2 protein chains.
Amino acid sequence: MGAGNLNTINGVSQNMPQIQSLSDVRALLQDLPASDSKAQNAAQEREPQLTKPPGSLGRLEEISEWLAAWQGRHPPSVENTKVVVFAGNHGVTAKGVSAFPAEVTVQMVANFKGGGAAINQLSRVAGAKLEVVALELDNPTKDFTESPAMGVAECAAAIQRGMDVVEDGMDALCIGEMGIGNTTSAAAICHAIYGGDAGDWTGPGTGVEGDALAAKARVVADGVAFHKDAKDGLEILRCLGGRELAAMAGAIIAARLKRVPVVLDGYVAGAAAATLKAVHPGALDHCIAGHQSAEPGHIRLLDKMEMQPLLNLGMRLGEASGAAVALNILKCAAACHAGMATFGEAGVSDKD
Amino acid sequence: MGAGNLNTINGVSQNMPQIQSLSDVRALLQDLPASDSKAQNAAQEREPQLTKPPGSLGRLEEISEWLAAWQGRHPPSVENTKVVVFAGNHGVTAKGVSAFPAEVTVQMVANFKGGGAAINQLSRVAGAKLEVVALELDNPTKDFTESPAMGVAECAAAIQRGMDVVEDGMDALCIGEMGIGNTTSAAAICHAIYGGDAGDWTGPGTGVEGDALAAKARVVADGVAFHKDAKDGLEILRCLGGRELAAMAGAIIAARLKRVPVVLDGYVAGAAAATLKAVHPGALDHCIAGHQSAEPGHIRLLDKMEMQPLLNLGMRLGEASGAAVALNILKCAAACHAGMATFGEAGVSDKD
C-alpha cells in the first residue's frame, strides 16, 4: 500500500489506506475491524429496561444493537448521515441492454446537482447530506463481453474514490448508484458469483422487456462466460462491474474502517457488496439491506447474502433511494433506544 | 344529531357533527365524502413526467396519488401531522388476559406525557405533534363476557371524543392506542365480524403464552357468544370494544369529513377500523395500514380488510408506534411527488 498507511486509534482508522492494486484491497478485507462488543453489550442491557414489552419494537431493537456494535459506541445515534450516489457509464450499453440512452447518466448527475431527482427529496426527508460522485462519465468502462470492464489501476482508482467519501464521525452512510446499463453489470456479477442461469439474475432495469430482456440475459451470459477465469470477487468486480460499483465496494470497506454502519440500496449496490462478501464472508456485517428492490434478481441476491431487507415498497430506482427511505427506520430505532425511559425512571410496573 | 350539524364548504366539513347515538354514526357512514378525483387526476398526470423510469418508486407513487385524492389537493404534502394515542381501561382484565397489570395504562399515559415512551421518540423523528387522550381510566369498561363493554351513551361519547382530535388543515393523522387488555377486545371484535375460531384471532398481546393464552382465547369466545346478537359493526364495537377503540373509530370518521388521510397502527387500531368497514365497505378508503404487527391476528385482519401494510418490522407495541414509523414513508412519497423535476425541467432524455 501507499503513503497513507492505516493508523488506528482505539481500533478506528484515522487515515484511509491508499489503494494501488486489488491485492491492497484483499489485504484490507482479511484484516477488517470487528464489532464493538462492549457497546453491543450495553445496548443489550438497556433494551429490556425500556418501557415496553420485551421485543415489542421488533427489528428496531435489533437495529439499535447493530448500530451500537458497528458505531462502537452506546447509545447509538443517527444524526450525522450522508447519502452518496456514485455514477458511472458502461461500455456494455453498446449491446442495447437499457431502455434509456447512455447520455441519461450525465443528465441525471446534473439533475442530482440541481436538486430535482428523487434522492434529493429523500435525503432531505431523512436529514442526510447528499454527495454525488461522477466517475469519468465521458470515458465508459469497456464492453465486458469483449474485455475486462476495467483495468487494474482503473478499478483500484474507483475503489479509492469510494473510500474517500467516508468521513470521520459519520453515524451512517447510504450508498447507491446511477449508471445506464448497470443492472446488466449487477446481473453478470451475481451470475458469476452465485451461478444459476443468467436469466435468473437479469431483470427489466429501467424498463426493458420481451425480446430486449432476453437479449440482455444473453449479454450477461456472454460476459460471465468470457470472464470465467476471474479468480475472486474483486476480479469479478473489475471484469464485469463498473466504476460506480467499484466505488461502492470501496465505500463499504472504508466505512468498516471508520466504524460507520452502511445502508445498502438495491440490486446494483447489493451486487457491488457481494463481491466483497465473496472474498471475506464477514465483510458486510456492518451493512444492512435498506430495501428489497422490485428488480427480480434482488430478492435472490439478498437470500444468497443472508440479508433481510428493511423495506419492501416495490421501488426499483437506484440512486440510493431505497437506502435513504430506510435511513428513517434507523433514525426511529436509535431514537427509541436512546430516548425512551426505563421502567424505573418512568415508574411503570414491569411484566407480572 | 345535535347542535353542531354538518356544514360543508367545497365538500369539506367545517364543524364536526355531534354524536349522541350510534344511529348518528350510521348516518355519517352512509354519507361519507368521496375522494377528490381532480386532485387524483393531477397526481396521475404529474407522476410519469418525473425524472425516473415509470413505476420505479413503487408504493411511493401509489401513496402520493392516494394522498392527493384524500387530502383533496395537488400536490399533496405531509408536513402538518399529528399522532394521537387513545388510552382506555378494560373490565375484561379481571379475567387475567394480560401479562401486565391494569395500572400500567395510567402509568404509560404518564410516561407519554413525560416524553419517555417509544411514541414520543417516534413522533419527534417523524416531525408529528403527539396528543394523548386518556378516556376515563379510573372507570374501566365492563367485562364483555358478562355485559356490553359500554352503554350507548358511553360509546357515543368516546366516538365523539375521537372525532374531536381531528383539526382543520391536517395533512395526515396517525392513530393508535394504549390499554391493558385491549388485544382481547380486538380479538373479540375480529372474531365477531369475520368468524373463524377465537384462537385464530387471539395472540400474546403484551406477552401472554401457554395456558394463559388458551384462557385468553376462551374469554374471546365467551364474549363473542354472549353478544352474538350484536346487529352490526357499531354494536360489536360497543359490546366488545373499549373507549379507546370507539375513539379511534370516531377519529377515522372525522378525518374523512375533514379530508385528512389516516395511518392506522396495528391490531387494535385495525379492529376498531374494521367495525366501520363492516357498516360501510368504503369507510376506510382514506386509511392506510402503517405496518403489519407481529400480533398474529393482524395479518389475518389485514387480509380480510384488503389492506397492504407499508411496513413489516416485527413491531407489536401499539401506542401508534408502527403508524408513526410509517408516517416517514408518507413524507418520502409526498416529497418525491411534489419536489422532483420533470424530464422537461431537468433536460433529461425520456425512455427510448
# chains A, B, ... in the order shown; residues from 1 in each chain; ligands from 1
>>> residues_around(residues="B:Thr105", least_positions_apart="2", cutoff="9 Å", atoms="only C-alpha atoms", output="PDB file with N, CA, C and O atoms, in the first residue's frame")
ATOM      1  N   ALA B  87     -56.169   6.165  25.174  1.00  0.00           N
ATOM      2  CA  ALA B  87     -55.956   5.173  26.232  1.00  0.00           C
ATOM      3  C   ALA B  87     -57.267   4.857  26.936  1.00  0.00           C
ATOM      4  O   ALA B  87     -58.072   5.760  27.210  1.00  0.00           O
ATOM      5  N   GLY B  88     -57.462   3.562  27.212  1.00  0.00           N
ATOM      6  CA  GLY B  88     -58.672   3.141  27.913  1.00  0.00           C
ATOM      7  C   GLY B  88     -58.391   1.936  28.792  1.00  0.00           C
ATOM      8  O   GLY B  88     -57.399   1.229  28.586  1.00  0.00           O
ATOM      9  N   ASN B  89     -59.248   1.725  29.758  1.00  0.00           N
ATOM     10  CA  ASN B  89     -59.109   0.536  30.604  1.00  0.00           C
ATOM     11  C   ASN B  89     -60.281  -0.415  30.402  1.00  0.00           C
ATOM     12  O   ASN B  89     -61.382   0.007  30.020  1.00  0.00           O
ATOM     13  N   PRO B 101     -50.185  -5.682  34.640  1.00  0.00           N
ATOM     14  CA  PRO B 101     -51.345  -5.286  35.445  1.00  0.00           C
ATOM     15  C   PRO B 101     -52.032  -4.049  34.855  1.00  0.00           C
ATOM     16  O   PRO B 101     -51.413  -3.248  34.154  1.00  0.00           O
ATOM     17  N   ALA B 102     -53.322  -3.885  35.163  1.00  0.00           N
ATOM     18  CA  ALA B 102     -54.129  -2.835  34.538  1.00  0.00           C
ATOM     19  C   ALA B 102     -53.640  -1.431  34.881  1.00  0.00           C
ATOM     20  O   ALA B 102     -53.843  -0.492  34.106  1.00  0.00           O
ATOM     21  N   GLU B 103     -52.946  -1.264  36.020  1.00  0.00           N
ATOM     22  CA  GLU B 103     -52.488   0.090  36.365  1.00  0.00           C
ATOM     23  C   GLU B 103     -51.446   0.604  35.380  1.00  0.00           C
ATOM     24  O   GLU B 103     -51.142   1.803  35.350  1.00  0.00           O
ATOM     25  N   GLN B 107     -50.016   4.441  34.139  1.00  0.00           N
ATOM     26  CA  GLN B 107     -48.579   4.716  34.226  1.00  0.00           C
ATOM     27  C   GLN B 107     -48.004   5.068  32.859  1.00  0.00           C
ATOM     28  O   GLN B 107     -47.160   5.960  32.727  1.00  0.00           O
ATOM     29  N   MET B 108     -48.479   4.370  31.829  1.00  0.00           N
ATOM     30  CA  MET B 108     -47.953   4.662  30.495  1.00  0.00           C
ATOM     31  C   MET B 108     -48.455   6.011  29.983  1.00  0.00           C
ATOM     32  O   MET B 108     -47.740   6.711  29.268  1.00  0.00           O
ATOM     33  N   VAL B 109     -49.671   6.388  30.342  1.00  0.00           N
ATOM     34  CA  VAL B 109     -50.146   7.723  29.963  1.00  0.00           C
ATOM     35  C   VAL B 109     -49.238   8.787  30.586  1.00  0.00           C
ATOM     36  O   VAL B 109     -48.858   9.772  29.929  1.00  0.00           O
ATOM     37  N   ALA B 110     -48.847   8.571  31.837  1.00  0.00           N
ATOM     38  CA  ALA B 110     -47.900   9.497  32.468  1.00  0.00           C
ATOM     39  C   ALA B 110     -46.559   9.481  31.721  1.00  0.00           C
ATOM     40  O   ALA B 110     -45.924  10.531  31.524  1.00  0.00           O
ATOM     41  N   LEU B 137     -59.850   6.585  32.673  1.00  0.00           N
ATOM     42  CA  LEU B 137     -59.043   5.417  33.041  1.00  0.00           C
ATOM     43  C   LEU B 137     -59.432   4.844  34.397  1.00  0.00           C
ATOM     44  O   LEU B 137     -59.220   3.650  34.658  1.00  0.00           O
ATOM     45  N   MET B 178     -53.363   2.699  23.780  1.00  0.00           N
ATOM     46  CA  MET B 178     -52.739   2.066  24.934  1.00  0.00           C
ATOM     47  C   MET B 178     -53.877   1.610  25.819  1.00  0.00           C
ATOM     48  O   MET B 178     -54.786   2.396  26.105  1.00  0.00           O
ATOM     49  N   GLY B 179     -53.859   0.362  26.210  1.00  0.00           N
ATOM     50  CA  GLY B 179     -54.927  -0.102  27.090  1.00  0.00           C
ATOM     51  C   GLY B 179     -54.692  -1.549  27.447  1.00  0.00           C
ATOM     52  O   GLY B 179     -54.906  -2.438  26.614  1.00  0.00           O
ATOM     53  N   ILE B 180     -54.256  -1.783  28.672  1.00  0.00           N
ATOM     54  CA  ILE B 180     -54.037  -3.160  29.107  1.00  0.00           C
ATOM     55  C   ILE B 180     -55.342  -3.936  28.910  1.00  0.00           C
ATOM     56  O   ILE B 180     -56.405  -3.492  29.341  1.00  0.00           O
TER      57      ILE B 180
END
>>> residues_around(residues="A:Arg238", least_positions_apart="3", cutoff="7 Å", atoms="only C-alpha atoms", output="PyMOL selection string")
chain A and resi 148-150+155+234-235+241
>>> select_by_dssp(residues="stretch 231-337 of chain B", states="alpha helix (DSSP H)", output="ChimeraX atom specification")
/B:233-240,243-257,267-279,297-305,321-337
>>> closest_residue(among="B:Ala323, B:Leu173, B:Ile119, B:Val224", to="chain A", atoms="only C-alpha atoms")
B:Ile119
>>> closest_atom_pairs(of="chain B", to="chain A", cutoff="8 Å", atoms="only C-alpha atoms", output="tab-separated table")
residue	atom	partner	partner_atom	distance
B:Thr51	CA	A:Ala117	CA	6.4
B:Lys52	CA	A:Leu317	CA	6.9
B:Pro53	CA	A:Thr206	CA	5.6
B:Gly55	CA	A:Met315	CA	7.9
B:Ser56	CA	A:Arg316	CA	4.8
B:Leu57	CA	A:Met315	CA	4.6
B:Gly58	CA	A:Gly314	CA	4.3
B:Arg59	CA	A:Leu313	CA	5.3
B:Leu60	CA	A:Leu313	CA	7.3
B:Ala99	CA	A:Asp352	CA	5.9
B:Phe100	CA	A:Lys351	CA	4.9
B:Pro101	CA	A:Asp352	CA	6.8
B:Glu103	CA	A:Ser349	CA	7.9
B:Val104	CA	A:Ser349	CA	6.1
B:Gln107	CA	A:Val348	CA	5.4
B:Met108	CA	A:Val348	CA	6.7
B:Ala110	CA	A:Ala346	CA	7.9
B:Asn111	CA	A:Ala346	CA	5.9
B:Gly115	CA	A:Met340	CA	7.7
B:Gly116	CA	A:Ala341	CA	4.4
B:Ala117	CA	A:Met340	CA	5.3
B:Ala118	CA	A:Cys336	CA	5.4
B:Gln121	CA	A:Cys336	CA	5.6
B:Leu122	CA	A:Cys332	CA	5.8
B:Val125	CA	A:Cys332	CA	6.4
B:Thr206	CA	A:Pro53	CA	5.6
B:Gly207	CA	A:Pro53	CA	7.1
B:Leu310	CA	A:Leu313	CA	7.2
B:Leu311	CA	A:Leu311	CA	6.5
B:Asn312	CA	A:Leu311	CA	7.6
B:Leu313	CA	A:Arg59	CA	5.3
B:Gly314	CA	A:Gly58	CA	4.3
B:Met315	CA	A:Gly58	CA	4.4
B:Arg316	CA	A:Ser56	CA	4.8
B:Leu317	CA	A:Ser56	CA	5.0
B:Val325	CA	A:Cys332	CA	6.9
B:Asn328	CA	A:Asn328	CA	6.7
B:Ile329	CA	A:Val325	CA	7.0
B:Lys331	CA	A:Val125	CA	7.0
B:Cys332	CA	A:Leu122	CA	5.8
B:Ala335	CA	A:Gln121	CA	5.6
B:Cys336	CA	A:Ala118	CA	5.4
B:Gly339	CA	A:Gln121	CA	6.4
B:Met340	CA	A:Gly116	CA	4.6
B:Ala341	CA	A:Gly116	CA	4.4
B:Thr342	CA	A:Gly116	CA	7.9
B:Ala346	CA	A:Asn111	CA	5.9
B:Gly347	CA	A:Gln107	CA	6.9
B:Val348	CA	A:Gln107	CA	5.3
B:Ser349	CA	A:Val104	CA	6.1
B:Asp350	CA	A:Phe100	CA	7.0
B:Lys351	CA	A:Phe100	CA	4.8
B:Asp352	CA	A:Phe100	CA	5.4
>>> select_by_dssp(residues="stretch 173-253 of chain B", states="strand (DSSP E or B)", output="JSON, numbers by chain")
{"B": [173, 174, 175, 176, 177, 178]}
>>> write_last_selection(atoms="all heavy atoms", output="compact mmCIF listing (two decimals), in the first residue's frame")
# COMPACT_ATOMS: atom_id res chain seq x y z
N LEU B 173 -53.03 11.93 9.81
CA LEU B 173 -53.28 11.59 11.21
C LEU B 173 -52.89 10.14 11.45
O LEU B 173 -53.32 9.25 10.72
CB LEU B 173 -54.78 11.75 11.50
CG LEU B 173 -55.29 11.27 12.87
CD1 LEU B 173 -54.75 12.16 14.00
CD2 LEU B 173 -56.82 11.26 12.89
N CYS B 174 -52.04 9.92 12.45
CA CYS B 174 -51.71 8.55 12.86
C CYS B 174 -52.50 8.23 14.11
O CYS B 174 -52.49 9.02 15.07
CB CYS B 174 -50.22 8.43 13.21
SG CYS B 174 -49.13 8.69 11.83
N ILE B 175 -53.17 7.07 14.13
CA ILE B 175 -53.92 6.72 15.33
C ILE B 175 -53.46 5.39 15.91
O ILE B 175 -53.16 4.45 15.20
CB ILE B 175 -55.45 6.70 15.11
CG1 ILE B 175 -55.83 5.70 14.02
CG2 ILE B 175 -55.97 8.08 14.78
CD1 ILE B 175 -57.32 5.45 13.99
N GLY B 176 -53.43 5.39 17.25
CA GLY B 176 -53.05 4.19 17.97
C GLY B 176 -53.60 4.24 19.38
O GLY B 176 -54.38 5.14 19.72
N GLU B 177 -53.18 3.30 20.20
CA GLU B 177 -53.84 3.13 21.50
C GLU B 177 -52.90 2.59 22.55
O GLU B 177 -51.87 2.04 22.26
CB GLU B 177 -55.03 2.20 21.36
CG GLU B 177 -54.78 0.95 20.53
CD GLU B 177 -53.62 0.09 20.93
OE1 GLU B 177 -53.50 -0.20 22.15
OE2 GLU B 177 -52.83 -0.31 20.06
N MET B 178 -53.36 2.70 23.78
CA MET B 178 -52.74 2.07 24.93
C MET B 178 -53.88 1.61 25.82
O MET B 178 -54.79 2.40 26.11
CB MET B 178 -51.88 3.10 25.67
CG MET B 178 -51.41 2.65 27.05
SD MET B 178 -50.17 1.34 26.89
CE MET B 178 -50.56 0.35 28.35
>>> closest_residue(among="A:Ser21, A:Gln308, A:Ala153, A:Leu330", to="A:Gln292", atoms="only C-alpha atoms")
A:Gln308
>>> closest_residue(among="B:Gly297, B:Gly210, B:Gly169, B:Gly151", to="B:Cys190", atoms="only C-alpha atoms")
B:Gly297
>>> atom_distance(atom1="atom CA of B:Glu131", atom2="atom CA of B:Val84")
4.8 Å
>>> atom_distance(atom1="atom CA of A:Phe144", atom2="atom CA of A:Cys239")
6.5 Å
>>> residues_around(residues="A:Phe226", least_positions_apart="6", cutoff="12 Å", atoms="only C-alpha atoms", output="NGL selection string")
:A and (143-149 or 188 or 192 or 219-220 or 236 or 239-240)
>>> atom_distance(atom1="atom CA of A:Lys258", atom2="atom CA of A:Met16")
8.6 Å
>>> residues_around(residues="A:Ala251", least_positions_apart="3", cutoff="6 Å", atoms="only C-alpha atoms", output="MDAnalysis selection string")
chainID A and resid 162:163 248 254:255
>>> residues_around(residues="B:Glu209", least_positions_apart="5", cutoff="12 Å", atoms="only C-alpha atoms", output="PyMOL selection string")
chain B and resi 96-99+202-204+214-217
>>> residues_around(residues="B:Ala39", least_positions_apart="3", cutoff="6 Å", atoms="only C-alpha atoms", output="list in words")
Asp36, Ala42, Ala68, Ala69, Gly72, Arg73 and His74 of chain B
>>> decode(residues="stretch 26-38 of chain B", atoms="all heavy atoms", output="mmCIF file, in the first residue's frame")
data_model
loop_
_atom_site.group_PDB
_atom_site.id
_atom_site.type_symbol
_atom_site.label_atom_id
_atom_site.label_comp_id
_atom_site.auth_asym_id
_atom_site.auth_seq_id
_atom_site.Cartn_x
_atom_site.Cartn_y
_atom_site.Cartn_z
ATOM 1 N N ARG B 26 -74.095 5.806 12.180
ATOM 2 C CA ARG B 26 -74.529 5.069 10.978
ATOM 3 C C ARG B 26 -74.890 6.042 9.858
ATOM 4 O O ARG B 26 -74.563 5.817 8.697
ATOM 5 C CB ARG B 26 -75.735 4.175 11.296
ATOM 6 C CG ARG B 26 -75.360 2.926 12.056
ATOM 7 C CD ARG B 26 -76.533 1.976 12.308
ATOM 8 N NE ARG B 26 -76.087 1.016 13.315
ATOM 9 C CZ ARG B 26 -76.389 1.097 14.618
ATOM 10 N NH1 ARG B 26 -77.219 2.028 15.072
ATOM 11 N NH2 ARG B 26 -75.882 0.214 15.451
ATOM 12 N N ALA B 27 -75.551 7.116 10.234
ATOM 13 C CA ALA B 27 -75.951 8.105 9.213
ATOM 14 C C ALA B 27 -74.711 8.729 8.561
ATOM 15 O O ALA B 27 -74.656 8.892 7.338
ATOM 16 C CB ALA B 27 -76.826 9.185 9.855
ATOM 17 N N LEU B 28 -73.727 9.054 9.375
ATOM 18 C CA LEU B 28 -72.484 9.610 8.810
ATOM 19 C C LEU B 28 -71.822 8.623 7.859
ATOM 20 O O LEU B 28 -71.331 8.994 6.795
ATOM 21 C CB LEU B 28 -71.489 9.948 9.934
ATOM 22 C CG LEU B 28 -71.786 11.183 10.771
ATOM 23 C CD1 LEU B 28 -70.776 11.276 11.909
ATOM 24 C CD2 LEU B 28 -71.746 12.445 9.901
ATOM 25 N N LEU B 29 -71.806 7.356 8.262
ATOM 26 C CA LEU B 29 -71.113 6.346 7.451
ATOM 27 C C LEU B 29 -71.796 6.125 6.105
ATOM 28 O O LEU B 29 -71.158 5.707 5.141
ATOM 29 C CB LEU B 29 -71.025 5.018 8.220
ATOM 30 C CG LEU B 29 -70.011 4.996 9.369
ATOM 31 C CD1 LEU B 29 -70.166 3.708 10.189
ATOM 32 C CD2 LEU B 29 -68.583 5.107 8.834
ATOM 33 N N GLN B 30 -73.094 6.389 6.050
ATOM 34 C CA GLN B 30 -73.801 6.204 4.782
ATOM 35 C C GLN B 30 -73.623 7.408 3.862
ATOM 36 O O GLN B 30 -74.037 7.371 2.700
ATOM 37 C CB GLN B 30 -75.298 5.938 5.019
ATOM 38 C CG GLN B 30 -75.588 4.626 5.753
ATOM 39 C CD GLN B 30 -74.888 3.400 5.144
ATOM 40 O OE1 GLN B 30 -74.659 3.326 3.941
ATOM 41 N NE2 GLN B 30 -74.511 2.445 6.004
ATOM 42 N N ASP B 31 -72.982 8.451 4.354
ATOM 43 C CA ASP B 31 -72.904 9.678 3.558
ATOM 44 C C ASP B 31 -71.499 10.281 3.619
ATOM 45 O O ASP B 31 -71.328 11.496 3.709
ATOM 46 C CB ASP B 31 -73.956 10.668 4.104
ATOM 47 C CG ASP B 31 -74.162 11.842 3.161
ATOM 48 O OD1 ASP B 31 -73.989 11.649 1.944
ATOM 49 O OD2 ASP B 31 -74.468 12.948 3.659
ATOM 50 N N LEU B 32 -70.487 9.417 3.566
ATOM 51 C CA LEU B 32 -69.101 9.891 3.668
ATOM 52 C C LEU B 32 -68.669 10.570 2.377
ATOM 53 O O LEU B 32 -69.051 10.146 1.285
ATOM 54 C CB LEU B 32 -68.168 8.701 3.946
ATOM 55 C CG LEU B 32 -68.303 8.057 5.322
ATOM 56 C CD1 LEU B 32 -67.477 6.779 5.379
ATOM 57 C CD2 LEU B 32 -67.887 9.025 6.423
ATOM 58 N N PRO B 33 -67.854 11.611 2.476
ATOM 59 C CA PRO B 33 -67.363 12.248 1.247
ATOM 60 C C PRO B 33 -66.484 11.297 0.428
ATOM 61 O O PRO B 33 -65.756 10.474 0.982
ATOM 62 C CB PRO B 33 -66.539 13.443 1.753
ATOM 63 C CG PRO B 33 -66.433 13.326 3.216
ATOM 64 C CD PRO B 33 -67.387 12.283 3.698
ATOM 65 N N ALA B 34 -66.582 11.428 -0.876
ATOM 66 C CA ALA B 34 -65.748 10.638 -1.788
ATOM 67 C C ALA B 34 -64.375 11.283 -1.916
ATOM 68 O O ALA B 34 -64.138 12.390 -1.430
ATOM 69 C CB ALA B 34 -66.425 10.561 -3.154
ATOM 70 N N SER B 35 -63.478 10.573 -2.577
ATOM 71 C CA SER B 35 -62.156 11.150 -2.845
ATOM 72 C C SER B 35 -62.282 12.243 -3.899
ATOM 73 O O SER B 35 -63.291 12.353 -4.592
ATOM 74 C CB SER B 35 -61.203 10.057 -3.318
ATOM 75 O OG SER B 35 -61.677 9.511 -4.530
ATOM 76 N N ASP B 36 -61.234 13.046 -4.025
ATOM 77 C CA ASP B 36 -61.229 14.181 -4.952
ATOM 78 C C ASP B 36 -60.587 13.732 -6.260
ATOM 79 O O ASP B 36 -59.368 13.593 -6.351
ATOM 80 C CB ASP B 36 -60.429 15.318 -4.306
ATOM 81 C CG ASP B 36 -60.449 16.584 -5.138
ATOM 82 O OD1 ASP B 36 -60.380 16.480 -6.385
ATOM 83 O OD2 ASP B 36 -60.514 17.672 -4.541
ATOM 84 N N SER B 37 -61.421 13.490 -7.257
ATOM 85 C CA SER B 37 -60.875 12.925 -8.492
ATOM 86 C C SER B 37 -60.031 13.939 -9.257
ATOM 87 O O SER B 37 -59.107 13.566 -9.980
ATOM 88 C CB SER B 37 -61.991 12.370 -9.373
ATOM 89 O OG SER B 37 -62.905 13.394 -9.664
ATOM 90 N N LYS B 38 -60.299 15.229 -9.056
ATOM 91 C CA LYS B 38 -59.496 16.238 -9.753
ATOM 92 C C LYS B 38 -58.056 16.229 -9.224
ATOM 93 O O LYS B 38 -57.089 16.207 -9.994
ATOM 94 C CB LYS B 38 -60.127 17.635 -9.539
ATOM 95 C CG LYS B 38 -59.613 18.680 -10.484
ATOM 96 C CD LYS B 38 -60.404 19.987 -10.336
ATOM 97 C CE LYS B 38 -59.515 21.175 -10.672
ATOM 98 N NZ LYS B 38 -60.047 22.448 -10.204
#
